$ cat my_file22.cif   # mmCIF, N, CA and C atoms and all ligand atoms
data_model
#
loop_
_atom_site.label_atom_id
_atom_site.label_comp_id
_atom_site.auth_asym_id
_atom_site.auth_seq_id
_atom_site.Cartn_x
_atom_site.Cartn_y
_atom_site.Cartn_z
N MET A 1 -20.84 1.73 -0.87
CA MET A 1 -19.41 1.70 -1.15
C MET A 1 -19.12 0.63 -2.21
N THR A 2 -18.34 0.94 -3.21
CA THR A 2 -17.99 -0.03 -4.23
C THR A 2 -17.01 -1.05 -3.67
N ASP A 3 -17.22 -2.31 -3.99
CA ASP A 3 -16.22 -3.30 -3.63
C ASP A 3 -15.95 -4.15 -4.85
N ARG A 4 -15.15 -3.60 -5.75
CA ARG A 4 -14.94 -4.32 -6.99
C ARG A 4 -13.73 -5.23 -6.85
N THR A 5 -13.71 -6.26 -7.69
CA THR A 5 -12.54 -7.13 -7.76
C THR A 5 -11.49 -6.41 -8.58
N VAL A 6 -10.25 -6.56 -8.21
CA VAL A 6 -9.18 -5.94 -9.00
C VAL A 6 -8.46 -7.06 -9.74
N ASP A 7 -8.70 -7.15 -11.05
CA ASP A 7 -8.06 -8.18 -11.86
C ASP A 7 -7.59 -7.48 -13.12
N ASN A 8 -6.33 -7.13 -13.14
CA ASN A 8 -5.83 -6.28 -14.22
C ASN A 8 -4.45 -6.76 -14.66
N PRO A 9 -4.42 -7.91 -15.38
CA PRO A 9 -3.12 -8.48 -15.74
C PRO A 9 -2.27 -7.57 -16.62
N PHE A 10 -2.93 -6.76 -17.49
CA PHE A 10 -2.14 -5.87 -18.35
C PHE A 10 -1.43 -4.81 -17.50
N PHE A 11 -2.21 -4.16 -16.60
CA PHE A 11 -1.59 -3.16 -15.73
C PHE A 11 -0.49 -3.80 -14.88
N ALA A 12 -0.76 -5.02 -14.41
CA ALA A 12 0.23 -5.70 -13.55
C ALA A 12 1.55 -5.87 -14.29
N ARG A 13 1.49 -6.24 -15.57
CA ARG A 13 2.73 -6.42 -16.34
C ARG A 13 3.46 -5.09 -16.51
N VAL A 14 2.67 -4.06 -16.83
CA VAL A 14 3.29 -2.74 -17.02
C VAL A 14 3.91 -2.25 -15.71
N TRP A 15 3.15 -2.43 -14.61
CA TRP A 15 3.64 -1.89 -13.32
C TRP A 15 4.87 -2.63 -12.82
N LYS A 16 4.94 -3.94 -13.10
CA LYS A 16 6.13 -4.70 -12.71
C LYS A 16 7.37 -4.10 -13.38
N THR A 17 7.22 -3.75 -14.65
CA THR A 17 8.37 -3.18 -15.38
C THR A 17 8.71 -1.78 -14.86
N LEU A 18 7.67 -0.94 -14.75
CA LEU A 18 7.91 0.44 -14.30
C LEU A 18 8.52 0.48 -12.90
N SER A 19 7.97 -0.34 -12.01
CA SER A 19 8.41 -0.24 -10.62
C SER A 19 9.79 -0.86 -10.41
N SER A 20 10.27 -1.60 -11.40
CA SER A 20 11.62 -2.19 -11.24
C SER A 20 12.71 -1.23 -11.72
N SER A 21 12.30 -0.11 -12.33
CA SER A 21 13.33 0.83 -12.81
C SER A 21 12.88 2.26 -12.53
N GLU A 22 12.55 2.53 -11.30
CA GLU A 22 12.05 3.87 -10.95
C GLU A 22 13.19 4.89 -10.90
N PRO A 23 12.86 6.14 -11.24
CA PRO A 23 13.88 7.18 -11.11
C PRO A 23 14.28 7.39 -9.64
N GLN A 24 15.51 7.80 -9.45
CA GLN A 24 16.04 8.02 -8.11
C GLN A 24 15.17 9.02 -7.34
N ALA A 25 14.63 10.03 -8.03
CA ALA A 25 13.83 11.06 -7.36
C ALA A 25 12.59 10.44 -6.72
N LEU A 26 11.98 9.48 -7.40
CA LEU A 26 10.78 8.84 -6.85
C LEU A 26 11.16 7.96 -5.66
N ARG A 27 12.28 7.30 -5.76
CA ARG A 27 12.72 6.45 -4.63
C ARG A 27 13.02 7.32 -3.41
N ARG A 28 13.57 8.50 -3.66
CA ARG A 28 13.83 9.41 -2.53
C ARG A 28 12.52 9.83 -1.87
N LEU A 29 11.51 10.12 -2.70
CA LEU A 29 10.19 10.51 -2.14
C LEU A 29 9.56 9.36 -1.36
N ARG A 30 9.75 8.15 -1.83
CA ARG A 30 9.22 6.99 -1.09
C ARG A 30 9.84 6.95 0.31
N GLY A 31 11.16 7.11 0.35
CA GLY A 31 11.85 7.08 1.64
C GLY A 31 11.36 8.19 2.55
N GLU A 32 11.23 9.40 2.00
CA GLU A 32 10.78 10.55 2.81
C GLU A 32 9.37 10.30 3.35
N ASN A 33 8.53 9.69 2.53
CA ASN A 33 7.13 9.47 2.94
C ASN A 33 7.02 8.55 4.16
N LEU A 34 8.03 7.68 4.33
CA LEU A 34 7.96 6.69 5.41
C LEU A 34 8.85 7.06 6.60
N THR A 35 9.61 8.11 6.47
CA THR A 35 10.53 8.50 7.54
C THR A 35 9.79 8.75 8.85
N GLY A 36 10.33 8.21 9.93
CA GLY A 36 9.78 8.50 11.26
C GLY A 36 8.58 7.66 11.66
N LEU A 37 8.12 6.78 10.79
CA LEU A 37 6.97 5.94 11.16
C LEU A 37 7.39 4.95 12.24
N SER A 38 6.41 4.55 13.06
CA SER A 38 6.68 3.52 14.07
C SER A 38 5.41 2.72 14.33
N GLY A 39 5.60 1.55 14.94
CA GLY A 39 4.45 0.72 15.32
C GLY A 39 3.86 -0.05 14.16
N ARG A 40 2.54 -0.23 14.22
CA ARG A 40 1.81 -1.02 13.19
C ARG A 40 1.36 -0.10 12.07
N VAL A 41 1.67 -0.54 10.84
CA VAL A 41 1.35 0.29 9.68
C VAL A 41 0.51 -0.52 8.70
N LEU A 42 -0.49 0.14 8.13
CA LEU A 42 -1.29 -0.45 7.05
C LEU A 42 -0.89 0.24 5.75
N GLU A 43 -0.52 -0.54 4.73
CA GLU A 43 -0.22 0.04 3.42
C GLU A 43 -1.29 -0.38 2.42
N ILE A 44 -1.86 0.59 1.76
CA ILE A 44 -2.97 0.35 0.81
C ILE A 44 -2.43 0.20 -0.61
N GLY A 45 -2.83 -0.86 -1.30
CA GLY A 45 -2.47 -1.04 -2.71
C GLY A 45 -0.96 -1.06 -2.90
N ALA A 46 -0.31 -2.07 -2.33
CA ALA A 46 1.16 -2.08 -2.24
C ALA A 46 1.86 -2.33 -3.58
N GLY A 47 1.11 -2.72 -4.61
CA GLY A 47 1.75 -2.98 -5.91
C GLY A 47 2.76 -4.11 -5.78
N THR A 48 3.98 -3.86 -6.27
CA THR A 48 5.03 -4.88 -6.20
C THR A 48 5.79 -4.83 -4.87
N GLY A 49 5.35 -3.96 -3.97
CA GLY A 49 6.01 -3.87 -2.66
C GLY A 49 7.24 -2.97 -2.67
N THR A 50 7.26 -2.02 -3.58
CA THR A 50 8.44 -1.15 -3.71
C THR A 50 8.72 -0.37 -2.43
N ASN A 51 7.67 -0.04 -1.68
CA ASN A 51 7.90 0.73 -0.44
C ASN A 51 8.56 -0.10 0.66
N PHE A 52 8.42 -1.40 0.60
CA PHE A 52 8.80 -2.22 1.78
C PHE A 52 10.24 -1.97 2.23
N ALA A 53 11.13 -1.80 1.26
CA ALA A 53 12.56 -1.64 1.59
C ALA A 53 12.82 -0.35 2.37
N PHE A 54 11.86 0.58 2.34
CA PHE A 54 12.09 1.90 2.93
C PHE A 54 11.53 2.06 4.35
N TYR A 55 10.86 1.01 4.87
CA TYR A 55 10.30 1.17 6.22
C TYR A 55 11.41 1.21 7.26
N PRO A 56 11.36 2.17 8.18
CA PRO A 56 12.40 2.26 9.20
C PRO A 56 12.24 1.17 10.26
N PRO A 57 13.29 0.84 10.98
CA PRO A 57 13.24 -0.27 11.94
C PRO A 57 12.29 -0.03 13.11
N THR A 58 11.84 1.20 13.29
CA THR A 58 10.87 1.52 14.35
C THR A 58 9.48 0.98 14.02
N VAL A 59 9.27 0.57 12.78
CA VAL A 59 7.99 -0.04 12.39
C VAL A 59 8.03 -1.51 12.82
N THR A 60 7.03 -1.92 13.59
CA THR A 60 7.05 -3.30 14.12
C THR A 60 6.31 -4.28 13.20
N GLU A 61 5.38 -3.77 12.42
CA GLU A 61 4.60 -4.65 11.54
C GLU A 61 3.97 -3.83 10.43
N VAL A 62 4.03 -4.36 9.21
CA VAL A 62 3.30 -3.74 8.09
C VAL A 62 2.28 -4.76 7.59
N VAL A 63 1.01 -4.34 7.54
CA VAL A 63 -0.01 -5.12 6.86
C VAL A 63 -0.24 -4.42 5.53
N ALA A 64 0.10 -5.12 4.44
CA ALA A 64 -0.01 -4.51 3.11
C ALA A 64 -1.16 -5.17 2.38
N ILE A 65 -2.05 -4.38 1.79
CA ILE A 65 -3.11 -4.98 1.00
C ILE A 65 -2.86 -4.71 -0.48
N GLU A 66 -3.00 -5.76 -1.27
CA GLU A 66 -2.80 -5.66 -2.73
C GLU A 66 -3.75 -6.65 -3.39
N PRO A 67 -4.87 -6.15 -3.96
CA PRO A 67 -5.88 -7.07 -4.49
C PRO A 67 -5.59 -7.64 -5.87
N GLU A 68 -4.65 -7.06 -6.61
CA GLU A 68 -4.36 -7.59 -7.95
C GLU A 68 -3.41 -8.78 -7.76
N ARG A 69 -3.84 -9.99 -8.17
CA ARG A 69 -3.11 -11.18 -7.71
C ARG A 69 -1.70 -11.29 -8.28
N HIS A 70 -1.49 -10.82 -9.52
CA HIS A 70 -0.13 -10.90 -10.08
C HIS A 70 0.82 -9.99 -9.31
N LEU A 71 0.31 -8.82 -8.92
CA LEU A 71 1.15 -7.90 -8.15
C LEU A 71 1.33 -8.40 -6.72
N ALA A 72 0.28 -9.00 -6.16
CA ALA A 72 0.38 -9.52 -4.79
C ALA A 72 1.48 -10.58 -4.69
N GLU A 73 1.61 -11.39 -5.74
CA GLU A 73 2.68 -12.42 -5.75
C GLU A 73 4.05 -11.77 -5.63
N VAL A 74 4.25 -10.71 -6.41
CA VAL A 74 5.56 -10.02 -6.38
C VAL A 74 5.75 -9.34 -5.02
N ALA A 75 4.65 -8.76 -4.51
CA ALA A 75 4.73 -8.09 -3.20
C ALA A 75 5.10 -9.09 -2.10
N ARG A 76 4.59 -10.31 -2.20
CA ARG A 76 4.92 -11.32 -1.17
C ARG A 76 6.41 -11.65 -1.21
N ASP A 77 6.97 -11.71 -2.42
CA ASP A 77 8.43 -11.94 -2.52
C ASP A 77 9.18 -10.77 -1.89
N ALA A 78 8.72 -9.55 -2.18
CA ALA A 78 9.39 -8.36 -1.62
C ALA A 78 9.26 -8.35 -0.10
N ALA A 79 8.13 -8.84 0.40
CA ALA A 79 7.92 -8.87 1.86
C ALA A 79 8.98 -9.75 2.53
N GLY A 80 9.37 -10.83 1.85
CA GLY A 80 10.37 -11.73 2.39
C GLY A 80 11.74 -11.08 2.53
N LEU A 81 11.98 -10.01 1.77
CA LEU A 81 13.28 -9.34 1.81
C LEU A 81 13.23 -8.04 2.61
N ALA A 82 12.05 -7.69 3.11
CA ALA A 82 11.88 -6.39 3.78
C ALA A 82 12.62 -6.34 5.12
N PRO A 83 13.06 -5.14 5.53
CA PRO A 83 13.79 -5.02 6.79
C PRO A 83 12.89 -5.10 8.02
N VAL A 84 11.57 -5.09 7.81
CA VAL A 84 10.61 -5.20 8.92
C VAL A 84 9.58 -6.26 8.53
N PRO A 85 8.83 -6.82 9.52
CA PRO A 85 7.84 -7.85 9.16
C PRO A 85 6.69 -7.28 8.31
N VAL A 86 6.46 -7.90 7.17
CA VAL A 86 5.38 -7.44 6.27
C VAL A 86 4.52 -8.65 5.91
N THR A 87 3.20 -8.52 6.04
CA THR A 87 2.30 -9.53 5.50
C THR A 87 1.47 -8.88 4.40
N VAL A 88 1.20 -9.65 3.36
CA VAL A 88 0.44 -9.12 2.21
C VAL A 88 -0.89 -9.85 2.15
N SER A 89 -1.98 -9.08 2.14
CA SER A 89 -3.30 -9.70 1.99
C SER A 89 -3.93 -9.21 0.69
N SER A 90 -4.95 -9.94 0.24
CA SER A 90 -5.55 -9.65 -1.07
C SER A 90 -6.79 -8.76 -0.99
N ASP A 91 -7.04 -8.19 0.16
CA ASP A 91 -8.23 -7.34 0.31
C ASP A 91 -8.15 -6.09 -0.57
N THR A 92 -9.31 -5.56 -0.90
CA THR A 92 -9.36 -4.21 -1.46
C THR A 92 -9.42 -3.22 -0.29
N ALA A 93 -9.12 -1.97 -0.60
CA ALA A 93 -9.22 -0.93 0.44
C ALA A 93 -10.66 -0.83 0.93
N GLU A 94 -11.61 -1.05 0.02
CA GLU A 94 -13.01 -0.92 0.38
C GLU A 94 -13.44 -2.01 1.36
N LYS A 95 -12.85 -3.19 1.21
CA LYS A 95 -13.29 -4.34 1.99
C LYS A 95 -12.51 -4.49 3.30
N PHE A 96 -11.29 -3.96 3.34
CA PHE A 96 -10.42 -4.20 4.50
C PHE A 96 -11.01 -3.61 5.77
N SER A 97 -10.94 -4.40 6.84
CA SER A 97 -11.33 -3.84 8.15
C SER A 97 -10.41 -4.46 9.19
N SER A 98 -10.29 -3.80 10.32
CA SER A 98 -9.41 -4.30 11.38
C SER A 98 -9.98 -3.90 12.73
N VAL A 99 -9.96 -4.85 13.65
CA VAL A 99 -10.42 -4.55 15.00
C VAL A 99 -9.34 -3.72 15.72
N GLU A 100 -8.09 -4.09 15.45
CA GLU A 100 -6.97 -3.40 16.11
C GLU A 100 -6.56 -2.19 15.27
N PRO A 101 -6.57 -1.00 15.86
CA PRO A 101 -6.23 0.17 15.06
C PRO A 101 -4.75 0.20 14.67
N PHE A 102 -4.45 0.94 13.62
CA PHE A 102 -3.07 1.08 13.14
C PHE A 102 -2.49 2.41 13.60
N ASP A 103 -1.17 2.45 13.76
CA ASP A 103 -0.51 3.71 14.11
C ASP A 103 -0.41 4.63 12.90
N ALA A 104 -0.40 4.03 11.72
CA ALA A 104 -0.32 4.85 10.50
C ALA A 104 -0.87 4.07 9.32
N VAL A 105 -1.36 4.82 8.34
CA VAL A 105 -1.78 4.25 7.07
C VAL A 105 -0.96 4.92 5.98
N VAL A 106 -0.43 4.10 5.07
CA VAL A 106 0.39 4.62 3.97
C VAL A 106 -0.34 4.40 2.65
N CYS A 107 -0.46 5.48 1.87
CA CYS A 107 -1.01 5.40 0.52
C CYS A 107 0.04 5.99 -0.41
N SER A 108 0.57 5.22 -1.34
CA SER A 108 1.47 5.87 -2.29
C SER A 108 1.06 5.51 -3.71
N LEU A 109 0.83 6.54 -4.50
CA LEU A 109 0.45 6.41 -5.92
C LEU A 109 -0.78 5.50 -6.05
N VAL A 110 -1.72 5.61 -5.14
CA VAL A 110 -2.78 4.61 -5.11
C VAL A 110 -4.20 5.19 -5.16
N LEU A 111 -4.44 6.35 -4.59
CA LEU A 111 -5.84 6.80 -4.52
C LEU A 111 -6.42 7.05 -5.90
N CYS A 112 -5.55 7.30 -6.89
CA CYS A 112 -6.05 7.49 -8.26
C CYS A 112 -6.55 6.18 -8.87
N SER A 113 -6.22 5.04 -8.24
CA SER A 113 -6.70 3.74 -8.74
C SER A 113 -8.03 3.35 -8.10
N ILE A 114 -8.51 4.15 -7.17
CA ILE A 114 -9.68 3.76 -6.38
C ILE A 114 -10.90 4.57 -6.83
N ASP A 115 -12.03 3.88 -6.99
CA ASP A 115 -13.24 4.52 -7.54
C ASP A 115 -13.74 5.68 -6.69
N GLN A 116 -13.81 5.45 -5.38
CA GLN A 116 -14.40 6.47 -4.50
C GLN A 116 -13.39 6.84 -3.41
N PRO A 117 -12.37 7.64 -3.78
CA PRO A 117 -11.30 7.91 -2.82
C PRO A 117 -11.78 8.58 -1.53
N GLU A 118 -12.83 9.43 -1.63
CA GLU A 118 -13.31 10.11 -0.40
C GLU A 118 -13.85 9.09 0.59
N THR A 119 -14.59 8.11 0.06
CA THR A 119 -15.17 7.08 0.93
C THR A 119 -14.06 6.26 1.57
N VAL A 120 -13.07 5.88 0.74
CA VAL A 120 -11.98 5.06 1.27
C VAL A 120 -11.18 5.87 2.30
N LEU A 121 -10.95 7.15 2.03
CA LEU A 121 -10.20 7.96 3.00
C LEU A 121 -10.91 8.04 4.34
N ARG A 122 -12.23 8.20 4.30
CA ARG A 122 -13.00 8.22 5.57
C ARG A 122 -12.82 6.91 6.32
N GLN A 123 -12.84 5.81 5.57
CA GLN A 123 -12.68 4.49 6.19
C GLN A 123 -11.27 4.37 6.79
N LEU A 124 -10.27 4.87 6.07
CA LEU A 124 -8.89 4.77 6.57
C LEU A 124 -8.72 5.56 7.86
N PHE A 125 -9.36 6.72 7.93
CA PHE A 125 -9.28 7.51 9.17
C PHE A 125 -9.93 6.77 10.34
N SER A 126 -10.89 5.90 10.03
CA SER A 126 -11.52 5.15 11.13
C SER A 126 -10.65 3.96 11.57
N ILE A 127 -9.69 3.57 10.73
CA ILE A 127 -8.82 2.44 11.05
C ILE A 127 -7.57 2.88 11.79
N VAL A 128 -7.19 4.14 11.61
CA VAL A 128 -5.98 4.65 12.26
C VAL A 128 -6.33 5.09 13.69
N ARG A 129 -5.38 4.87 14.62
CA ARG A 129 -5.67 5.23 16.01
C ARG A 129 -5.78 6.75 16.16
N PRO A 130 -6.47 7.21 17.21
CA PRO A 130 -6.51 8.66 17.44
C PRO A 130 -5.09 9.19 17.56
N GLY A 131 -4.77 10.22 16.83
CA GLY A 131 -3.41 10.78 16.84
C GLY A 131 -2.47 10.08 15.88
N GLY A 132 -2.95 9.03 15.19
CA GLY A 132 -2.12 8.34 14.20
C GLY A 132 -2.00 9.17 12.93
N GLU A 133 -1.34 8.60 11.95
CA GLU A 133 -1.02 9.41 10.76
C GLU A 133 -1.48 8.73 9.47
N LEU A 134 -1.83 9.56 8.49
CA LEU A 134 -1.98 9.09 7.12
C LEU A 134 -0.80 9.66 6.35
N ARG A 135 0.01 8.78 5.77
CA ARG A 135 1.14 9.23 4.95
C ARG A 135 0.78 9.01 3.49
N TYR A 136 0.80 10.08 2.73
CA TYR A 136 0.35 10.02 1.35
C TYR A 136 1.43 10.52 0.39
N LEU A 137 1.75 9.69 -0.59
CA LEU A 137 2.66 10.14 -1.65
C LEU A 137 1.88 10.19 -2.94
C1 LIG A 201 -0.07 2.76 -9.37
S1 LIG A 201 -0.04 1.31 -8.37
C2 LIG A 201 0.93 1.85 -6.96
C3 LIG A 201 1.50 0.70 -6.19
C4 LIG A 201 2.26 1.07 -4.91
N1 LIG A 201 1.41 1.74 -3.94
C5 LIG A 201 3.47 1.90 -5.19
O1 LIG A 201 3.62 2.96 -4.58
O2 LIG A 201 4.30 1.47 -6.01
C6 LIG A 201 -1.72 1.30 -7.69
C7 LIG A 201 -2.03 0.03 -6.92
O3 LIG A 201 -3.32 0.13 -6.32
C8 LIG A 201 -3.92 -1.16 -6.37
N2 LIG A 201 -5.38 -1.01 -6.25
C9 LIG A 201 -6.28 -0.74 -7.23
N3 LIG A 201 -7.53 -0.70 -6.73
C10 LIG A 201 -7.42 -0.96 -5.39
C11 LIG A 201 -8.37 -1.08 -4.33
N4 LIG A 201 -9.66 -0.92 -4.56
N5 LIG A 201 -7.89 -1.36 -3.09
C12 LIG A 201 -6.56 -1.50 -2.88
N6 LIG A 201 -5.63 -1.41 -3.86
C13 LIG A 201 -6.05 -1.14 -5.09
C14 LIG A 201 -3.48 -1.70 -7.72
O4 LIG A 201 -3.63 -3.10 -7.83
C15 LIG A 201 -2.03 -1.23 -7.75
O5 LIG A 201 -1.17 -2.16 -7.18
#

$ encode --input "my_file22.cif" --output "structure tokens" --more "lines below"
Ligand SMILES: C[S@@+](CC[C@H](N)C(=O)[O-])C[C@H]1O[C@@H](n2cnc3c(N)ncnc32)[C@H](O)[C@@H]1O
Amino acid sequence: MTDRTVDNPFFARVWKTLSSSEPQALRRLRGENLTGLSGRVLEIGAGTGTNFAFYPPTVTEVVAIEPERHLAEVARDAAGLAPVPVTVSSDTAEKFSSVEPFDAVVCSLVLCSIDQPETVLRQLFSIVRPGGELRYL
């Protein structure tokens, strides 16, 4: 399994700008993707944390991973404003592991950034509890 470092300051600058002025249609899809979630959620590659505002109050905790440090900084600020508790860690999807299973895993606009999406997807299914959900946008 690849475990590369994610250090992409150019992409981080571009993504900060793009994600701060998203079309309404994309924001609606973000909301729909998170509707009905509850319990503990893992979000992969959170970027600037644009999804955080859309988590419903039935979610008790979001663990968000964002390995690009410039984006993780912005995501941490967004976590402070989120309607539910969010912590941001710097792990890659490849490296992240958890003893406690999650009720759901959220991937939005992210698997295209990952070298071996099939491998990561298999790993995510092992992290989600039996009967849990993968939400993909
Ligand atoms: C196109 S952005 C999408 C950000 C966010 N999910 C959203 O919906 O706005 C892709 C994100 O995946 C992150 N990423 C890239 N490789 C990753 C990896 N191996 N593990 C976790 N995240 C990764 C990037 O740093 C970036 O923040």

$ residues_near_ligand --input "my_file22.cif" --ligand "ligand LIG 201 (chain A)" --cutoff "6 Å" --atoms "only C-alpha atoms and all ligand atoms" --output "VMD selection string"
chain A and resid 6 44 to 47 50 66 to 68 92 to 94 108 to 110 113 to 114

$ axis_aligned_box --input "my_file22.cif" --around "segment 70-76 of chain A" --padding-each-side "3 Å" --output "lines of an AutoDock Vina configuration file"
center_x = 2.5
center_y = -10.2
center_z = -5.6
size_x = 13.9
size_y = 10.5
size_z = 14.9

$ atom_distance --input "my_file22.cif" --atom1 "atom C of Gln116 of chain A" --atom2 "atom CA of Asp91 of chain A"
15.5 Å

$ closest_atom_pairs --input "my_file22.cif" --of "segment 42-73 of chain A" --to "segment 8-29 of chain A" --cutoff "6.5 Å" --atoms "all atoms listed in the file" --output "JSON lines"
{"residue": "A:Glu68", "atom": "CA", "partner": "A:Asn8", "partner_atom": "N", "distance": 5.6}
{"residue": "A:Arg69", "atom": "N", "partner": "A:Asn8", "partner_atom": "N", "distance": 6.3}
{"residue": "A:His70", "atom": "C", "partner": "A:Ala12", "partner_atom": "CA", "distance": 6.1}
{"residue": "A:Leu71", "atom": "N", "partner": "A:Ala12", "partner_atom": "CA", "distance": 5.6}

$ select_by_dssp --input "my_file22.cif" --residues "chain A" --states "helix (DSSP H, G or I)" --output "VMD selection string"
chain A and resid 9 to 19 24 to 34 50 to 54 69 to 81 111 to 113 117 to 127

$ closest_residue --input "my_file22.cif" --among "A:Leu137, A:Val128, A:Val120, A:Cys112" --to "Glu100 of chain A" --atoms "only C-alpha atoms"
A:Val128

$ closest_residue --input "my_file22.cif" --among "A:Ala75, A:Ala104, A:Pro56, A:Asn51" --to "Thr35 of chain A" --atoms "only N, CA and C atoms"
A:Pro56

$ atom_distance --input "my_file22.cif" --atom1 "atom C of Arg122 of chain A" --atom2 "atom N of Gly80 of chain A"
28.8 Å

$ closest_residue --input "my_file22.cif" --among "A:Val99, A:Val88, A:Ala72, A:Val106" --to "Ser38 of chain A" --atoms "only C-alpha atoms"
A:Val106

$ closest_residue --input "my_file22.cif" --among "A:Pro83, A:Gly39, A:Gly31, A:Gly49" --to "Glu61 of chain A" --atoms "only N, CA and C atoms"
A:Gly39

$ atom_distance --input "my_file22.cif" --atom1 "atom CA of Thr119 of chain A" --atom2 "atom CA of Lys95 of chain A"
11.6 Å

$ residues_around --input "my_file22.cif" --residues "Arg129 of chain A" --least-positions-apart "4" --cutoff "6 Å" --atoms "only C-alpha atoms" --output "NGL selection string"
:A and (101-103)

$ select_by_dssp --input "my_file22.cif" --residues "chain A" --states "strand (DSSP E)" --output "JSON, numbers by chain"
{"A": [39, 40, 41, 42, 43, 44, 59, 60, 61, 62, 63, 64, 65, 86, 87, 88, 89, 102, 103, 104, 105, 106, 107, 128, 129, 130, 131, 132, 133, 134, 135, 136]}

$ write_last_selection --input "my_file22.cif" --atoms "N, CA and C atoms" --output "short mmCIF file (atom, residue, chain, number, x, y, z; two decimals), keeping the file's coordinate frame"
data_model
loop_
_atom_site.label_atom_id
_atom_site.label_comp_id
_atom_site.auth_asym_id
_atom_site.auth_seq_id
_atom_site.Cartn_x
_atom_site.Cartn_y
_atom_site.Cartn_z
N GLY A 39 5.60 1.55 14.94
CA GLY A 39 4.45 0.72 15.32
C GLY A 39 3.86 -0.05 14.16
N ARG A 40 2.54 -0.23 14.22
CA ARG A 40 1.81 -1.02 13.19
C ARG A 40 1.36 -0.10 12.07
N VAL A 41 1.67 -0.54 10.84
CA VAL A 41 1.35 0.29 9.68
C VAL A 41 0.51 -0.52 8.70
N LEU A 42 -0.49 0.14 8.13
CA LEU A 42 -1.29 -0.45 7.05
C LEU A 42 -0.89 0.24 5.75
N GLU A 43 -0.52 -0.54 4.73
CA GLU A 43 -0.22 0.04 3.42
C GLU A 43 -1.29 -0.38 2.42
N ILE A 44 -1.86 0.59 1.76
CA ILE A 44 -2.97 0.35 0.81
C ILE A 44 -2.43 0.20 -0.61
N VAL A 59 9.27 0.57 12.78
CA VAL A 59 7.99 -0.04 12.39
C VAL A 59 8.03 -1.51 12.82
N THR A 60 7.03 -1.92 13.59
CA THR A 60 7.05 -3.30 14.12
C THR A 60 6.31 -4.28 13.20
N GLU A 61 5.38 -3.77 12.42
CA GLU A 61 4.60 -4.65 11.54
C GLU A 61 3.97 -3.83 10.43
N VAL A 62 4.03 -4.36 9.21
CA VAL A 62 3.30 -3.74 8.09
C VAL A 62 2.28 -4.76 7.59
N VAL A 63 1.01 -4.34 7.54
CA VAL A 63 -0.01 -5.12 6.86
C VAL A 63 -0.24 -4.42 5.53
N ALA A 64 0.10 -5.12 4.44
CA ALA A 64 -0.01 -4.51 3.11
C ALA A 64 -1.16 -5.17 2.38
N ILE A 65 -2.05 -4.38 1.79
CA ILE A 65 -3.11 -4.98 1.00
C ILE A 65 -2.86 -4.71 -0.48
N VAL A 86 6.46 -7.90 7.17
CA VAL A 86 5.38 -7.44 6.27
C VAL A 86 4.52 -8.65 5.91
N THR A 87 3.20 -8.52 6.04
CA THR A 87 2.30 -9.53 5.50
C THR A 87 1.47 -8.88 4.40
N VAL A 88 1.20 -9.65 3.36
CA VAL A 88 0.44 -9.12 2.21
C VAL A 88 -0.89 -9.85 2.15
N SER A 89 -1.98 -9.08 2.14
CA SER A 89 -3.30 -9.70 1.99
C SER A 89 -3.93 -9.21 0.69
N PHE A 102 -4.45 0.94 13.62
CA PHE A 102 -3.07 1.08 13.14
C PHE A 102 -2.49 2.41 13.60
N ASP A 103 -1.17 2.45 13.76
CA ASP A 103 -0.51 3.71 14.11
C ASP A 103 -0.41 4.63 12.90
N ALA A 104 -0.40 4.03 11.72
CA ALA A 104 -0.32 4.85 10.50
C ALA A 104 -0.87 4.07 9.32
N VAL A 105 -1.36 4.82 8.34
CA VAL A 105 -1.78 4.25 7.07
C VAL A 105 -0.96 4.92 5.98
N VAL A 106 -0.43 4.10 5.07
CA VAL A 106 0.39 4.62 3.97
C VAL A 106 -0.34 4.40 2.65
N CYS A 107 -0.46 5.48 1.87
CA CYS A 107 -1.01 5.40 0.52
C CYS A 107 0.04 5.99 -0.41
N VAL A 128 -7.19 4.14 11.61
CA VAL A 128 -5.98 4.65 12.26
C VAL A 128 -6.33 5.09 13.69
N ARG A 129 -5.38 4.87 14.62
CA ARG A 129 -5.67 5.23 16.01
C ARG A 129 -5.78 6.75 16.16
N PRO A 130 -6.47 7.21 17.21
CA PRO A 130 -6.51 8.66 17.44
C PRO A 130 -5.09 9.19 17.56
N GLY A 131 -4.77 10.22 16.83
CA GLY A 131 -3.41 10.78 16.84
C GLY A 131 -2.47 10.08 15.88
N GLY A 132 -2.95 9.03 15.19
CA GLY A 132 -2.12 8.34 14.20
C GLY A 132 -2.00 9.17 12.93
N GLU A 133 -1.34 8.60 11.95
CA GLU A 133 -1.02 9.41 10.76
C GLU A 133 -1.48 8.73 9.47
N LEU A 134 -1.83 9.56 8.49
CA LEU A 134 -1.98 9.09 7.12
C LEU A 134 -0.80 9.66 6.35
N ARG A 135 0.01 8.78 5.77
CA ARG A 135 1.14 9.23 4.95
C ARG A 135 0.78 9.01 3.49
N TYR A 136 0.80 10.08 2.73
CA TYR A 136 0.35 10.02 1.35
C TYR A 136 1.43 10.52 0.39
#

$ residues_around --input "my_file22.cif" --residues "Ala64 of chain A" --least-positions-apart "6" --cutoff "5 Å" --atoms "only N, CA and C atoms" --output "number ranges by chain"
A: 43, 87-89
